[in-house]
Amino acid sequence: MSANTPPGFIEMYRQLIAAPSVSCLEPQWDISNRQVIELLGMWLTTMGFQVEIQELERQAGKFNLLATMNPIDGPREGGLLLSGHTDTVPWDEGRWSRDPFTLTEADNKLYGLGSADMKGFFAFVIEAIRDLDFRRLKKPLMILATADEETSMAGARELRRFPNLRPDYAVIGEPTMMVPVRMHKGHTTDCIRVTGRSGHSSNPAAGVNAISIMHDAIGYLKQLEQDMRDRFHEPAFEVPYPTLNFGHIHGGDAANRICACCELHMDMRPLPGMHVDTLNEMLSQCLAPLQARHPGALEIIAMHEPIPGYETKADAALVRMAEAISGHPAEPANYCTEAPFIHGLGCETIVMGPGSIQQAHQPDEFISLSQIRPGQEKIRALIEKACC
């Protein structure tokens, strides 16, 4: 290996997996992504990229990286951005059959936390451009590595701090089996909190039962769920309407006490084109009658900043290019990515990367060896088409 060449593909993969970069809202699990960023920065610098690393303003100890290779004679804007996040979800202790931070090859698969979702994508990109003659570039080639996608998407929310980040096209390498994804729903998470007044259960009128009020609130929310289903429709999705899910509920502490507090955690997933404010207004209007009956008892608390839906048009140049290279028509996805924030830079954006989303957030996460060569070739073809 020469001094200006990153390590081989499997060794890059091994080092990326070995660098813990868990993002989690629980502080005891949360880990800085500095190690991954430093590895990528070192490898891309040796290849001649201009590398800029920024610590996040909203999350100290977390970092974004932008690496740029400009053409010798050509524009300094436009071109192709290959983007991925450097963090992983926490691992399920006791459910992995192998060390999640040791890359393990077995059964024609590479196992490790982040092997599919999605630290391994950076090894694919670097391997795809290892032998590329950068003198052939007609437009810039950029590689973006972000922080905290799995929690707050804090990294993607700070992209405008890179002043020259103005690609024509962006490909986010989430695991899609190299099938292009051109749209997905957004995501909001809210806590509905009811505060009542405790008392002895022998006299229910002596208190205000938060569970009883929450029961009524759920009835109103079920009406909202049906209202969204009736008013909004996008047939491209398997579930063609916005969804509402009750994910967690807790209230009370004893059978013989009037419940003084009850919380419901729920999420909603708007369609592309739906403004997040529309969902928030619908939620507030839905619960307004109950709030009027029980002044001060019911709160709606956003649990994280909302993520909007996103869509790149079916006839966009990048979509056509990716469909031709992949051999698959573009699809919608039910999960969320950083696409709406990158799309907000003004570029055509798709999600397309090696590995399967079925492996994401699972014990014994893996990527099949059979996907390695085709994935590298398709990434290289995208770069050739967009930049050369």
# chains A, B, ... in the order shown; residues from 1 in each chain; ligands from 1

call {"tool": "residues_around", "arguments": {"residues": "Arg160 (chain A)", "least_positions_apart": "3", "cutoff": "10 Å", "atoms": "only C-alpha atoms", "output": "compact mmCIF listing (two decimals) with C-alpha atoms, in the first residue's frame"}}
result
# COMPACT_ATOMS: atom_id res chain seq x y z
CA ALA A 156 -28.01 17.13 8.53
CA ARG A 157 -29.63 20.21 10.05
CA PRO A 163 -20.67 27.49 2.31
CA ASN A 164 -19.73 25.77 -0.96
CA LEU A 165 -22.02 22.76 -0.67
CA ARG A 166 -24.10 23.21 -3.83
CA PHE A 341 -32.31 18.25 4.51
CA ILE A 342 -29.91 17.46 1.65
CA GLY A 344 -33.10 21.43 0.74
CA LEU A 345 -29.67 22.41 -0.61

call {"tool": "select_by_dssp", "arguments": {"residues": "region 11-174 of chain A", "states": "alpha helix (DSSP H)", "output": "PyMOL selection string"}}
result
chain A and resi 11-18+34-46+120-129

call {"tool": "atom_distance", "arguments": {"atom1": "CA of Asp267 (chain A)", "atom2": "CA of His233 (chain A)"}}
result
18.2 Å

call {"tool": "closest_residue", "arguments": {"among": "A:Pro175, A:Trp43, A:Cys191, A:Met321", "to": "Gln371 (chain A)", "atoms": "only C-alpha atoms"}}
result
A:Pro175

call {"tool": "closest_atom_pairs", "arguments": {"of": "region 131-214 of chain A", "to": "region 64-80 of chain A", "cutoff": "8 Å", "atoms": "only C-alpha atoms", "output": "Markdown table"}}
result
| residue | atom | partner | partner_atom | distance |
| --- | --- | --- | --- | --- |
| A:Phe134 | CA | A:Pro71 | CA | 7.2 |
| A:Arg135 | CA | A:Ile72 | CA | 6.4 |
| A:Arg136 | CA | A:Pro71 | CA | 7.5 |
| A:Leu137 | CA | A:Pro71 | CA | 5.0 |
| A:Lys138 | CA | A:Pro71 | CA | 5.6 |
| A:Lys139 | CA | A:Gly79 | CA | 4.7 |
| A:Pro140 | CA | A:Asn70 | CA | 4.5 |
| A:Leu141 | CA | A:Leu80 | CA | 5.2 |
| A:Met142 | CA | A:Thr68 | CA | 4.5 |
| A:Ile143 | CA | A:Ala67 | CA | 5.1 |
| A:Leu144 | CA | A:Leu66 | CA | 4.6 |
| A:Ala145 | CA | A:Leu65 | CA | 5.0 |
| A:Thr146 | CA | A:Asn64 | CA | 4.6 |
| A:Ala147 | CA | A:Asn64 | CA | 5.9 |
| A:Gly155 | CA | A:Asn64 | CA | 6.2 |
| A:Phe162 | CA | A:Leu66 | CA | 7.9 |
| A:Asn164 | CA | A:Glu77 | CA | 7.0 |
| A:Leu165 | CA | A:Glu77 | CA | 7.5 |
| A:Arg166 | CA | A:Gly78 | CA | 5.7 |
| A:Pro167 | CA | A:Gly78 | CA | 4.0 |
| A:Asp168 | CA | A:Gly78 | CA | 4.5 |
| A:Tyr169 | CA | A:Leu80 | CA | 4.9 |
| A:Ala170 | CA | A:Leu80 | CA | 5.7 |
| A:Val171 | CA | A:Leu80 | CA | 7.7 |

call {"tool": "atom_distance", "arguments": {"atom1": "CA of Leu113 (chain A)", "atom2": "CA of Ala19 (chain A)"}}
result
9.9 Å

call {"tool": "closest_residue", "arguments": {"among": "A:Ile53, A:Ala210, A:Ile301, A:Met177", "to": "Ala116 (chain A)", "atoms": "only C-alpha atoms"}}
result
A:Met177

call {"tool": "residues_around", "arguments": {"residues": "Cys262 (chain A)", "least_positions_apart": "5", "cutoff": "7 Å", "atoms": "only C-alpha atoms", "output": "count of residues only"}}
result
9

call {"tool": "closest_residue", "arguments": {"among": "A:Ser152, A:Ser21, A:Thr188, A:Phe237", "to": "Arg58 (chain A)", "atoms": "only C-alpha atoms"}}
result
A:Ser152

call {"tool": "atom_distance", "arguments": {"atom1": "CA of Ser198 (chain A)", "atom2": "CA of Ala254 (chain A)"}}
result
10.8 Å

call {"tool": "select_by_dssp", "arguments": {"residues": "region 179-370 of chain A", "states": "strand (DSSP E)", "output": "number ranges by chain"}}
result
A: 181-184, 188-195, 243-251, 261-269, 298-302, 310-311, 331-333, 348-351, 366-368

call {"tool": "residues_around", "arguments": {"residues": "Ala333 (chain A)", "least_positions_apart": "3", "cutoff": "7 Å", "atoms": "only C-alpha atoms", "output": "PyMOL selection string"}}
result
chain A and resi 181+183-184

call {"tool": "write_last_selection", "arguments": {"atoms": "C-alpha atoms", "output": "PDB file, in the first residue's frame"}}
result
ATOM      1  CA  VAL A 181     -35.562   5.635  -3.675  1.00  0.00           C
ATOM      2  CA  MET A 183     -39.484   9.767  -1.939  1.00  0.00           C
ATOM      3  CA  HIS A 184     -40.275   8.966   1.649  1.00  0.00           C
TER       4      HIS A 184
END

call {"tool": "decode", "arguments": {"residues": "region 92-144 of chain A", "atoms": "C-alpha atoms", "output": "short mmCIF file (atom, residue, chain, number, x, y, z; two decimals), in the first residue's frame"}}
result
data_model
loop_
_atom_site.label_atom_id
_atom_site.label_comp_id
_atom_site.auth_asym_id
_atom_site.auth_seq_id
_atom_site.Cartn_x
_atom_site.Cartn_y
_atom_site.Cartn_z
CA ASP A 92 -28.87 -5.17 21.84
CA GLU A 93 -26.65 -6.64 24.55
CA GLY A 94 -27.17 -10.37 24.81
CA ARG A 95 -28.84 -10.67 21.40
CA TRP A 96 -25.72 -10.42 19.22
CA SER A 97 -24.01 -13.77 18.67
CA ARG A 98 -20.69 -12.01 17.93
CA ASP A 99 -18.89 -8.81 18.93
CA PRO A 100 -20.73 -5.95 17.18
CA PHE A 101 -17.47 -3.97 16.88
CA THR A 102 -15.44 -6.75 15.26
CA LEU A 103 -15.97 -7.25 11.54
CA THR A 104 -16.69 -10.96 11.12
CA GLU A 105 -16.85 -12.77 7.79
CA ALA A 106 -19.06 -15.87 7.89
CA ASP A 107 -21.76 -17.50 5.76
CA ASN A 108 -20.83 -15.24 2.80
CA LYS A 109 -21.64 -12.17 4.89
CA LEU A 110 -19.83 -9.37 6.70
CA TYR A 111 -21.23 -8.95 10.22
CA GLY A 112 -20.86 -5.87 12.40
CA LEU A 113 -22.74 -2.88 13.80
CA GLY A 114 -22.98 -0.39 10.93
CA SER A 115 -22.11 -2.93 8.24
CA ALA A 116 -25.38 -2.19 6.42
CA ASP A 117 -26.67 0.93 8.21
CA MET A 118 -24.42 2.52 7.17
CA LYS A 119 -20.77 3.11 8.00
CA GLY A 120 -19.77 0.51 5.43
CA PHE A 121 -21.03 2.78 2.65
CA PHE A 122 -17.92 4.92 3.02
CA ALA A 123 -15.71 1.91 2.31
CA PHE A 124 -17.77 1.28 -0.84
CA VAL A 125 -17.32 4.87 -2.00
CA ILE A 126 -13.57 5.01 -1.37
CA GLU A 127 -13.04 1.65 -3.07
CA ALA A 128 -15.14 2.78 -6.06
CA ILE A 129 -12.91 5.84 -6.61
CA ARG A 130 -9.58 4.29 -5.64
CA ASP A 131 -8.42 4.00 -9.26
CA LEU A 132 -10.36 6.96 -10.65
CA ASP A 133 -8.20 9.44 -12.55
CA PHE A 134 -9.36 12.67 -10.94
CA ARG A 135 -7.93 14.63 -13.88
CA ARG A 136 -10.98 13.40 -15.79
CA LEU A 137 -13.42 15.23 -13.51
CA LYS A 138 -15.57 17.83 -15.25
CA LYS A 139 -17.58 18.64 -12.10
CA PRO A 140 -16.86 18.39 -8.38
CA LEU A 141 -17.08 15.10 -6.51
CA MET A 142 -18.01 15.48 -2.82
CA ILE A 143 -18.30 13.04 0.07
CA LEU A 144 -20.36 14.03 3.10
#
